[in-house]
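Asks: Sharing entry_9.cif here; it has mmCIF, C-alpha atoms and all ligand atoms.
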```cif
data_run
#
loop_
_atom_site.label_atom_id
_atom_site.label_comp_id
_atom_site.auth_asym_id
_atom_site.auth_seq_id
_atom_site.Cartn_x
_atom_site.Cartn_y
_atom_site.Cartn_z
CA MET A 1 -8.86 21.95 12.87
CA LYS A 2 -10.05 20.26 9.67
CA ARG A 3 -7.35 18.72 7.54
CA VAL A 4 -7.28 19.16 3.78
CA PHE A 5 -5.37 17.11 1.22
CA SER A 6 -5.23 17.64 -2.50
CA GLY A 7 -2.97 16.58 -5.33
CA ILE A 8 -2.10 17.48 -8.88
CA GLN A 9 -0.15 15.64 -11.54
CA PRO A 10 2.90 17.27 -13.12
CA THR A 11 1.71 16.47 -16.63
CA GLY A 12 1.34 19.09 -19.35
CA GLU A 13 1.11 22.76 -18.50
CA PRO A 14 -0.99 23.94 -15.55
CA HIS A 15 -4.01 25.69 -17.10
CA LEU A 16 -6.90 27.98 -16.31
CA GLY A 17 -9.12 25.01 -15.36
CA ASN A 18 -6.59 23.94 -12.76
CA TYR A 19 -6.37 27.48 -11.46
CA LEU A 20 -10.12 28.12 -11.19
CA GLY A 21 -11.11 24.56 -10.31
CA ALA A 22 -8.32 23.78 -7.87
CA PHE A 23 -5.46 26.16 -6.99
CA ARG A 24 -7.61 29.12 -6.08
CA GLN A 25 -9.67 27.05 -3.66
CA TRP A 26 -6.51 25.66 -2.13
CA VAL A 27 -5.16 29.13 -1.46
CA GLU A 28 -8.43 30.45 -0.08
CA GLY A 29 -8.75 27.64 2.44
CA GLN A 30 -5.25 28.05 3.88
CA ASP A 31 -6.17 30.09 6.92
CA GLN A 32 -9.08 28.06 8.22
CA LYS A 33 -7.60 24.61 7.72
CA GLU A 34 -4.48 22.51 7.95
CA ASN A 35 -3.39 21.83 4.39
CA PHE A 36 -1.34 19.28 2.51
CA PHE A 37 -0.81 19.83 -1.22
CA CYS A 38 1.01 17.22 -3.20
CA ILE A 39 2.54 17.15 -6.68
CA VAL A 40 1.74 13.56 -7.55
CA ASP A 41 4.65 12.59 -9.77
CA LEU A 42 4.12 8.85 -9.18
CA HIS A 43 0.62 9.14 -10.61
CA SER A 44 1.98 10.77 -13.73
CA LEU A 45 4.06 7.67 -14.52
CA THR A 46 0.82 5.90 -15.47
CA ALA A 47 0.68 7.62 -18.88
CA PRO A 48 3.44 7.86 -21.50
CA TYR A 49 5.98 10.61 -20.62
CA ASP A 50 9.61 11.59 -21.04
CA PRO A 51 11.78 11.56 -17.89
CA GLU A 52 13.60 14.88 -18.44
CA GLY A 53 10.35 16.65 -19.22
CA LEU A 54 8.78 15.25 -16.07
CA ARG A 55 11.52 16.72 -13.88
CA GLU A 56 11.10 20.11 -15.52
CA ARG A 57 7.31 20.08 -15.25
CA THR A 58 7.48 19.06 -11.60
CA ARG A 59 9.58 22.15 -10.76
CA LYS A 60 7.41 24.37 -12.93
CA LEU A 61 4.25 23.23 -11.22
CA ALA A 62 5.82 23.77 -7.79
CA ALA A 63 6.79 27.30 -8.85
CA VAL A 64 3.25 28.01 -10.05
CA LEU A 65 1.74 26.71 -6.82
CA PHE A 66 3.95 28.88 -4.64
CA ALA A 67 3.22 31.76 -7.04
CA VAL A 68 -0.57 31.45 -6.79
CA GLY A 69 -0.18 31.87 -3.06
CA ILE A 70 0.38 28.49 -1.43
CA SER A 71 2.36 29.64 1.57
CA PRO A 72 5.04 27.39 3.13
CA GLU A 73 4.16 28.94 6.50
CA LYS A 74 0.52 27.92 6.28
CA SER A 75 0.57 24.78 4.14
CA THR A 76 2.70 21.78 3.37
CA LEU A 77 3.52 21.54 -0.34
CA PHE A 78 5.57 18.52 -1.35
CA ILE A 79 6.44 16.04 -4.10
CA GLN A 80 4.78 12.64 -3.71
CA SER A 81 7.88 10.55 -4.53
CA HIS A 82 9.84 12.36 -1.79
CA VAL A 83 7.67 10.66 0.82
CA SER A 84 8.12 6.92 0.38
CA ALA A 85 5.17 6.14 2.66
CA HIS A 86 2.78 6.72 -0.26
CA ALA A 87 4.17 3.90 -2.39
CA GLU A 88 4.57 1.61 0.64
CA ALA A 89 1.01 2.18 1.83
CA CYS A 90 -0.16 1.53 -1.71
CA TRP A 91 1.00 -2.07 -1.56
CA LEU A 92 -0.84 -2.55 1.72
CA LEU A 93 -4.10 -1.12 0.44
CA ASN A 94 -3.72 -3.03 -2.84
CA CYS A 95 -4.07 -6.17 -0.81
CA ILE A 96 -7.49 -5.20 0.54
CA THR A 97 -8.97 -3.44 -2.52
CA PRO A 98 -11.19 -5.62 -4.74
CA ILE A 99 -10.10 -5.42 -8.40
CA GLY A 100 -13.75 -5.01 -9.37
CA TRP A 101 -13.88 -1.62 -7.64
CA LEU A 102 -10.96 -0.41 -9.76
CA GLN A 103 -12.26 -1.79 -13.04
CA LYS A 104 -15.43 0.22 -12.52
CA MET A 105 -13.66 3.58 -12.32
CA THR A 106 -14.75 5.89 -15.14
CA GLN A 107 -11.30 7.36 -15.64
CA PHE A 108 -9.70 3.93 -15.88
CA LYS A 109 -12.23 2.77 -18.44
CA GLU A 110 -11.68 5.89 -20.54
CA LYS A 111 -7.89 5.75 -20.47
CA PHE A 112 -7.82 1.99 -20.90
CA THR A 113 -9.33 2.22 -24.36
CA LYS A 114 -7.16 5.18 -25.39
CA GLN A 115 -3.71 3.94 -24.40
CA GLU A 116 -1.92 1.48 -26.62
CA SER A 117 -0.36 -0.44 -23.77
CA VAL A 118 -1.76 -0.23 -20.26
CA GLY A 119 0.44 -0.72 -17.21
CA MET A 120 -0.77 -2.04 -13.85
CA GLY A 121 -0.27 1.48 -12.51
CA LEU A 122 -3.26 2.76 -14.43
CA LEU A 123 -5.62 0.33 -12.74
CA ASP A 124 -3.94 0.99 -9.42
CA TYR A 125 -4.04 4.78 -9.77
CA PRO A 126 -7.02 5.28 -7.42
CA VAL A 127 -5.43 3.13 -4.69
CA LEU A 128 -2.33 5.32 -4.68
CA MET A 129 -4.63 8.33 -4.56
CA ALA A 130 -6.45 6.79 -1.59
CA CYS A 131 -3.08 6.43 0.17
CA ASP A 132 -2.27 10.09 -0.48
CA ILE A 133 -5.45 11.08 1.27
CA LEU A 134 -5.67 8.48 4.04
CA LEU A 135 -2.06 8.74 5.26
CA TYR A 136 -2.84 12.31 6.34
CA ASP A 137 -6.24 11.61 7.92
CA ALA A 138 -7.64 14.26 5.58
CA ASP A 139 -11.24 15.26 6.28
CA GLU A 140 -11.67 17.19 3.03
CA VAL A 141 -10.35 16.69 -0.47
CA PRO A 142 -10.90 19.68 -2.78
CA VAL A 143 -11.10 18.41 -6.36
CA GLY A 144 -12.86 19.07 -9.64
CA ASP A 145 -15.98 17.00 -10.19
CA ASP A 146 -14.11 14.50 -12.39
CA GLN A 147 -12.23 13.31 -9.31
CA LYS A 148 -15.23 12.81 -7.08
CA GLN A 149 -15.45 9.11 -7.88
CA HIS A 150 -11.83 8.58 -6.84
CA VAL A 151 -12.39 10.29 -3.49
CA GLU A 152 -15.47 8.15 -2.93
CA LEU A 153 -13.38 5.09 -3.65
CA ALA A 154 -10.81 6.27 -1.07
CA ARG A 155 -13.70 6.50 1.36
CA ASN A 156 -14.75 2.93 0.56
CA ILE A 157 -11.21 1.63 0.93
CA ALA A 158 -10.97 3.39 4.30
CA GLY A 159 -14.24 1.75 5.33
CA ARG A 160 -13.02 -1.65 4.29
CA PHE A 161 -9.74 -1.25 6.20
CA ASN A 162 -11.61 -0.07 9.29
CA HIS A 163 -13.94 -3.03 9.03
CA LEU A 164 -11.09 -5.54 8.67
CA TYR A 165 -8.58 -4.13 11.14
CA GLY A 166 -10.50 -1.83 13.47
CA ASP A 167 -11.28 1.86 13.30
CA PHE A 168 -8.24 3.65 11.89
CA PHE A 169 -8.77 5.79 8.78
CA VAL A 170 -10.79 9.00 8.59
CA PRO A 171 -13.37 8.73 5.75
CA PRO A 172 -12.62 11.71 3.47
CA GLU A 173 -15.19 14.00 1.81
CA PRO A 174 -14.75 15.41 -1.70
CA VAL A 175 -15.22 19.18 -1.82
CA ILE A 176 -16.28 20.46 -5.23
CA PRO A 177 -16.05 24.19 -5.93
CA LYS A 178 -19.40 25.73 -6.85
CA ILE A 179 -18.45 28.06 -9.69
CA ALA A 180 -16.36 26.95 -12.68
CA ALA A 181 -16.14 23.41 -11.36
CA ARG A 182 -15.60 22.43 -14.95
CA VAL A 183 -13.82 24.80 -17.30
CA MET A 184 -14.30 23.57 -20.85
CA GLY A 185 -11.85 23.58 -23.75
CA LEU A 186 -11.94 26.76 -25.85
CA ASP A 187 -11.73 24.82 -29.10
CA ASP A 188 -14.30 22.24 -28.06
CA PRO A 189 -16.65 23.30 -25.26
CA ALA A 190 -18.02 19.75 -25.01
CA THR A 191 -14.79 18.51 -23.42
CA LYS A 192 -13.16 19.70 -20.23
CA MET A 193 -10.07 21.87 -20.52
CA SER A 194 -7.18 19.52 -19.90
CA LYS A 195 -3.42 19.50 -19.85
CA SER A 196 -3.13 16.34 -21.82
CA ALA A 197 -5.17 17.45 -24.85
CA ALA A 198 -2.84 16.77 -27.76
CA SER A 199 -2.44 20.40 -28.79
CA ILE A 200 -2.81 22.77 -25.89
CA ARG A 201 -2.74 25.82 -28.21
CA GLY A 202 -6.25 27.03 -28.85
CA HIS A 203 -7.62 24.46 -26.40
CA ALA A 204 -6.35 25.53 -23.00
CA ILE A 205 -5.05 28.74 -21.46
CA GLY A 206 -1.76 27.98 -19.72
CA VAL A 207 -1.32 29.70 -16.36
CA LEU A 208 2.07 30.90 -17.64
CA ASP A 209 0.92 31.93 -21.14
CA ASP A 210 1.84 35.47 -22.09
CA PRO A 211 -0.92 38.03 -22.78
CA LYS A 212 -0.56 37.75 -26.56
CA GLU A 213 -1.04 33.98 -26.47
CA ILE A 214 -4.04 34.31 -24.18
CA GLU A 215 -5.64 36.82 -26.51
CA ARG A 216 -5.01 34.59 -29.51
CA SER A 217 -6.56 31.57 -27.79
CA PHE A 218 -9.70 33.49 -26.84
CA LYS A 219 -10.05 34.97 -30.32
CA ARG A 220 -10.17 31.46 -31.70
CA ALA A 221 -12.62 30.17 -29.08
CA LYS A 222 -15.55 28.27 -30.49
CA THR A 223 -18.94 29.98 -30.13
CA ASP A 224 -22.21 29.61 -32.09
CA LEU A 225 -24.48 31.43 -34.53
CA PHE A 226 -27.12 32.63 -32.03
CA ASN A 227 -25.27 35.87 -31.34
CA GLU A 228 -26.76 36.11 -27.87
CA ILE A 229 -24.63 36.60 -24.76
CA ARG A 230 -26.27 34.74 -21.92
CA PHE A 231 -25.71 31.70 -19.72
CA SER A 232 -27.30 28.53 -21.04
CA ASP A 233 -27.34 24.77 -20.51
CA ASP A 234 -27.99 24.21 -24.18
CA GLN A 235 -25.15 22.12 -25.68
CA GLU A 236 -25.16 24.26 -28.81
CA ARG A 237 -24.42 27.33 -26.71
CA ALA A 238 -21.75 25.65 -24.57
CA GLY A 239 -18.93 27.81 -25.97
CA VAL A 240 -20.51 31.11 -24.96
CA ASN A 241 -21.61 29.62 -21.66
CA ASN A 242 -18.02 28.57 -20.97
CA LEU A 243 -16.67 32.07 -21.71
CA LEU A 244 -19.25 33.61 -19.39
CA SER A 245 -18.51 31.05 -16.68
CA ILE A 246 -14.79 31.82 -16.83
CA TYR A 247 -15.58 35.53 -16.55
CA GLN A 248 -17.91 34.84 -13.66
CA ALA A 249 -15.40 32.65 -11.82
CA ILE A 250 -12.71 35.30 -12.03
CA THR A 251 -14.82 38.34 -11.19
CA GLY A 252 -16.98 36.61 -8.59
CA LYS A 253 -20.05 38.37 -10.00
CA GLY A 254 -23.55 36.92 -10.21
CA ARG A 255 -24.96 35.65 -13.49
CA GLU A 256 -27.18 38.66 -14.13
CA GLU A 257 -24.34 41.02 -13.41
CA VAL A 258 -22.09 39.17 -15.83
CA GLU A 259 -24.73 39.30 -18.57
CA ALA A 260 -25.23 42.99 -17.86
CA ASP A 261 -21.50 43.61 -18.32
CA PHE A 262 -21.91 42.40 -21.91
CA ALA A 263 -25.28 43.99 -22.61
CA ASN A 264 -23.64 46.54 -24.91
CA ALA A 265 -21.28 44.12 -26.62
CA ARG A 266 -21.42 44.29 -30.40
CA GLY A 267 -20.95 40.56 -30.78
CA TYR A 268 -18.93 37.58 -29.67
CA GLY A 269 -15.71 39.42 -30.57
CA ASP A 270 -16.32 41.83 -27.70
CA LEU A 271 -17.19 38.99 -25.36
CA LYS A 272 -13.96 37.16 -26.20
CA MET A 273 -11.85 40.28 -25.67
CA GLY A 274 -13.62 41.08 -22.41
CA VAL A 275 -12.94 37.63 -21.05
CA ALA A 276 -9.35 37.59 -22.37
CA GLU A 277 -8.64 40.89 -20.63
CA ILE A 278 -9.84 39.70 -17.26
CA VAL A 279 -7.94 36.41 -17.56
CA ILE A 280 -4.74 38.22 -18.55
CA GLU A 281 -4.96 40.45 -15.48
CA ALA A 282 -5.69 37.50 -13.18
CA LEU A 283 -2.72 35.50 -14.45
CA ARG A 284 -0.17 38.32 -14.76
CA PRO A 285 1.02 38.34 -11.13
CA ILE A 286 1.22 34.53 -11.12
CA ARG A 287 3.49 34.49 -14.14
CA GLU A 288 5.77 37.15 -12.67
CA GLU A 289 6.02 35.41 -9.31
CA SER A 290 6.64 31.96 -10.89
CA ASP A 291 9.61 33.38 -12.80
CA LYS A 292 11.26 34.30 -9.51
CA TYR A 293 11.11 30.70 -8.29
CA LEU A 294 12.15 29.23 -11.63
CA ASN A 295 15.19 31.47 -11.76
CA ASP A 296 16.33 30.20 -8.37
CA PRO A 297 16.00 26.38 -8.47
CA VAL A 298 18.13 25.92 -5.33
CA ALA A 299 15.71 27.98 -3.25
CA LEU A 300 12.77 26.17 -4.81
CA ASP A 301 14.24 22.74 -4.06
CA THR A 302 14.93 23.81 -0.48
CA MET A 303 11.29 24.78 -0.03
CA LEU A 304 10.21 21.42 -1.44
CA ALA A 305 12.62 19.53 0.82
CA LYS A 306 11.11 21.29 3.81
CA GLY A 307 7.62 20.35 2.61
CA ALA A 308 8.60 16.69 2.25
CA GLU A 309 10.03 16.67 5.76
CA GLN A 310 6.80 18.04 7.21
CA ALA A 311 4.77 15.53 5.23
CA ARG A 312 6.93 12.63 6.42
CA GLU A 313 6.31 13.60 10.04
CA VAL A 314 2.63 12.82 9.50
CA ALA A 315 2.76 10.02 6.94
CA MET A 316 5.50 7.82 8.42
CA PRO A 317 3.90 7.20 11.85
CA LYS A 318 0.57 6.56 10.10
CA LEU A 319 2.23 3.99 7.83
CA ARG A 320 3.87 2.28 10.82
CA GLU A 321 0.53 2.01 12.58
CA MET A 322 -1.04 0.66 9.42
CA GLN A 323 1.64 -2.02 9.14
CA GLU A 324 1.12 -2.92 12.77
CA LYS A 325 -2.65 -3.24 12.35
CA MET A 326 -2.10 -5.51 9.36
CA GLY A 327 0.11 -7.86 11.35
CA LEU A 328 3.55 -6.92 10.06
CA LEU A 329 6.51 -7.08 12.43
CA VAL A 330 7.18 -3.37 12.81
CA GLY A 331 10.10 -1.44 14.27
CA MET A 332 13.02 -3.82 13.82
P1 LIG B 401 -5.46 17.47 -13.48
O1 LIG B 401 -5.07 18.61 -14.34
O2 LIG B 401 -6.42 16.58 -14.14
O3 LIG B 401 -4.29 16.78 -12.84
O4 LIG B 401 -6.29 18.09 -12.27
C1 LIG B 401 -5.74 18.85 -11.22
C2 LIG B 401 -6.83 19.56 -10.48
O5 LIG B 401 -7.47 20.52 -11.32
C3 LIG B 401 -7.97 18.65 -10.01
O6 LIG B 401 -8.52 19.14 -8.82
C4 LIG B 401 -8.94 18.72 -11.16
O7 LIG B 401 -10.21 18.31 -10.84
C5 LIG B 401 -8.84 20.20 -11.51
N1 LIG B 401 -9.17 20.41 -12.92
C6 LIG B 401 -8.54 19.88 -13.99
N2 LIG B 401 -9.10 20.28 -15.14
C7 LIG B 401 -10.11 21.10 -14.80
C8 LIG B 401 -11.08 21.84 -15.54
N3 LIG B 401 -11.11 21.85 -16.87
N4 LIG B 401 -11.98 22.57 -14.85
C9 LIG B 401 -11.96 22.60 -13.51
N5 LIG B 401 -11.08 21.94 -12.75
C10 LIG B 401 -10.16 21.19 -13.37
N1 LIG B 402 -6.14 12.14 -9.52
C1 LIG B 402 -6.02 13.54 -9.22
C2 LIG B 402 -6.23 14.32 -10.52
O1 LIG B 402 -5.89 13.86 -11.59
C3 LIG B 402 -4.70 13.88 -8.63
C4 LIG B 402 -4.52 13.31 -7.26
C5 LIG B 402 -3.65 12.35 -6.87
C6 LIG B 402 -5.21 13.74 -6.08
N2 LIG B 402 -3.75 12.13 -5.53
C7 LIG B 402 -4.69 12.95 -5.01
C8 LIG B 402 -6.20 14.67 -5.83
C9 LIG B 402 -5.17 13.08 -3.70
C10 LIG B 402 -6.68 14.81 -4.53
C11 LIG B 402 -6.17 14.02 -3.49
O2 LIG B 402 -6.69 15.44 -10.46
#
```
Take the structure from the file and write it as structure tokens.
Ligand code: AMP
Ligand code: TRP
Replies:
Amino acid sequence: MKRVFSGIQPTGEPHLGNYLGAFRQWVEGQDQKENFFCIVDLHSLTAPYDPEGLRERTRKLAAVLFAVGISPEKSTLFIQSHVSAHAEACWLLNCITPIGWLQKMTQFKEKFTKQESVGMGLLDYPVLMACDILLYDADEVPVGDDQKQHVELARNIAGRFNHLYGDFFVPPEPVIPKIAARVMGLDDPATKMSKSAASIRGHAIGVLDDPKEIERSFKRAKTDLFNEIRFSDDQERAGVNNLLSIYQAITGKGREEVEADFANARGYGDLKMGVAEIVIEALRPIREESDKYLNDPVALDTMLAKGAEQAREVAMPKLREMQEKMGLLVGM
């Protein structure tokens, strides 16, 4: 059976882009594959944050993931810092990863110029991500297209390890969802919807937003002056294209069908309300289910402890073998 690994940072609020670009694919693949899903709290230490908020967001994200349908019976969902093998393996792979590979990473270069002070962790981010993936011998890594480069780096690091110490790591493949791979911000359709955008209001739709908020955000969504509801690659029409793509991703309809649904729309107002409605209905059950988990933190923590235990059963022996291959005196 193919093994799948994916991760998400507990930063900001989980949003529609995460849901369409990541969570939904994770849930859909649960029956055919063996899955590991990880809330990567160690990765989120690489950007400024407040400790209490991090704890809260970690639980909230776990609740959302169980609520969207990640099933503890079918998948292993755990918190990265609960499995110490990730940080330990990171040191080992640090020692074989050329700095030049890391300095070339697009995300590093972008964040490097934006952050006032840059910790080592930011440069090292993709090595830790490689450990996440490689410790589980994952064949497939479902991610949005912005993370493709990091998965390819993990593949290169695996290749380098295998070359130096003998065949050991499985080279992972990134798996990019076909529709809505990139949900754009409602306020600025030239940038991807993201959790870290300074003001999430009007930019992103939070998975836990209430219907009124969702409606408000869509009403304010940026469009254009063409007054034509159709898919388009034209940058000037990116706002309308984004709204249609969201609608398409949720309904699963083809492009023509989507355009036909809006053939009688009187303008962009109708388009926005049509998309808002379908998003509200898609998110409603998730919000209700998340509340159940958030109101019972003991049960939630128990589920996460069980996930960590299952993850350790795979990661720890792999780490030991890795140490052995690298010449460390193991098992004392
Ligand atoms: P992040 O929110 O950046 O930690 O990403 C978590 C997961 O959601 C990754 O698989 C991302 O590629 C995916 N993702 C994040 N933002 C978007 C977006 N705007 N559209 C589609 N997928 C996204
Ligand atoms: N860097 C990923 C992101 O921001 C999160 C991540 C960490 C991840 N480790 C991973 C994704 C392992 C897939 C596999 O989206």
Asks: Here is a test: counting all atoms listed in the file, which residue of A:Thr97, A:Gln32, A:Ser194, A:Gln310 is nearest to ligand LIG 401 (chain B)?
Replies: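 Going through A:Thr97, A:Gln32, A:Ser194, A:Gln310 one by one, the smallest distance to ligand LIG 401 (chain B) is for A:Ser194.
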Asks: Please work out which residues fall within 12 Å of (-18.4, 41.9, -26.8), coordinates as given in the file, with only C-alpha atoms counting, and return them as JSON, numbers by chain.
Replies: {"A": [219, 227, 228, 229, 230, 240, 243, 244, 258, 259, 260, 261, 262, 263, 264, 265, 266, 267, 268, 269, 270, 271, 272, 273, 274, 275, 276, 277]}
Asks: Counting all atoms listed in the file, which residue out of A:Ile176, A:Met332, A:Leu225, A:Leu123 sits closest to ligand LIG 401 (chain B)?
Replies: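 Smallest distance to ligand LIG 401 (chain B) is found for A:Ile176.
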Asks: Can you tell me, as a list in words, what residues are no more than 8 Å from region 140-156 of chain A when counting all atoms listed in the file, ignoring any on the same chain fewer than 6 positions away?
Replies: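 Using all atoms listed in the file, the neighbours found are Lys2, Arg3, Val4, Phe5, Ser6, Gly21, Ala22, Gln25, Trp26, Trp101, Met105, Thr106, Pro126, Val127, Met129, Ala130, Cys131, Ile133, Leu134, Pro171, Pro172, Glu173, Pro174, Val175, Ile176, Pro177, Ala181 and Arg182 of chain A.
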Asks: Given all atoms listed in the file as the basis, pick out the residue of A:Ser290, A:Asn162, A:Ser81, A:Ser117 nearest to Leu93 (chain A).
Replies: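 Among the listed residues, A:Asn162 lies closest to Leu93 (chain A).
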Asks: List the neighbours of Met322 (chain A) out to 10 Å using only C-alpha atoms; skip same-chain residues closer than 3 positions along the sequence, and give me the result as a list in words.
Replies: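 Here the answer would be Ala89, Leu92, Leu93, Leu135, Phe161, Tyr165, Phe168, Phe169, Met316, Pro317, Lys318, Leu319, Lys325, Met326, Gly327, Leu328 and Val330 of chain A.
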Asks: Could you check which of A:Lys212, A:Arg312, A:Lys195, A:Lys109 is closest to ligand LIG 402 (chain B), using only C-alpha atoms and all ligand atoms?
Replies: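 With only C-alpha atoms and all ligand atoms as the atom set, the closest residue is A:Lys195.
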Asks: One decimal, Å: what's the distance from atom C6 of ligand LIG 402 (chain B) over to CA of Ile8 (chain A), could you say?
Replies: 5.6 Å
Asks: Identify the residues around (6.1, 11.9, 8.6) within a radius of 12 Å, measuring from only C-alpha atoms in the coordinates stated by the file, and give them as a list in words.
Replies: Thr76, Phe78, His82, Val83, Ser84, Ala85, His86, Leu135, Tyr136, Lys306, Gly307, Ala308, Glu309, Gln310, Ala311, Arg312, Glu313, Val314, Ala315, Met316, Pro317, Lys318, Leu319 and Arg320 of chain A
Asks: Taking all atoms listed in the file into account, name the residue in A:Asp224, A:Asp188, A:Asp167, A:Glu56 that is nearest to ligand LIG 401 (chain B).
Replies: A:Asp188
Asks: With all atoms listed in the file as the atoms that count, which of A:Leu45, A:Ile286, A:Ile278, A:Leu128 lies nearest to Phe66 (chain A)?
Replies: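 Among the listed residues, the smallest separation from Phe66 (chain A) belongs to A:Ile286.
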Asks: Take CA of Gly202 (chain A) and CA of Asp187 (chain A) and report the distance between them in Å, one decimal.
Replies: 5.9 Å
Asks: Would you work out the distance separating atom O3 of ligand LIG 401 (chain B) from CA of Arg237 (chain A), expressed in Å to one decimal?
Replies: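 Here the two named atoms are 26.6 Å from each other.
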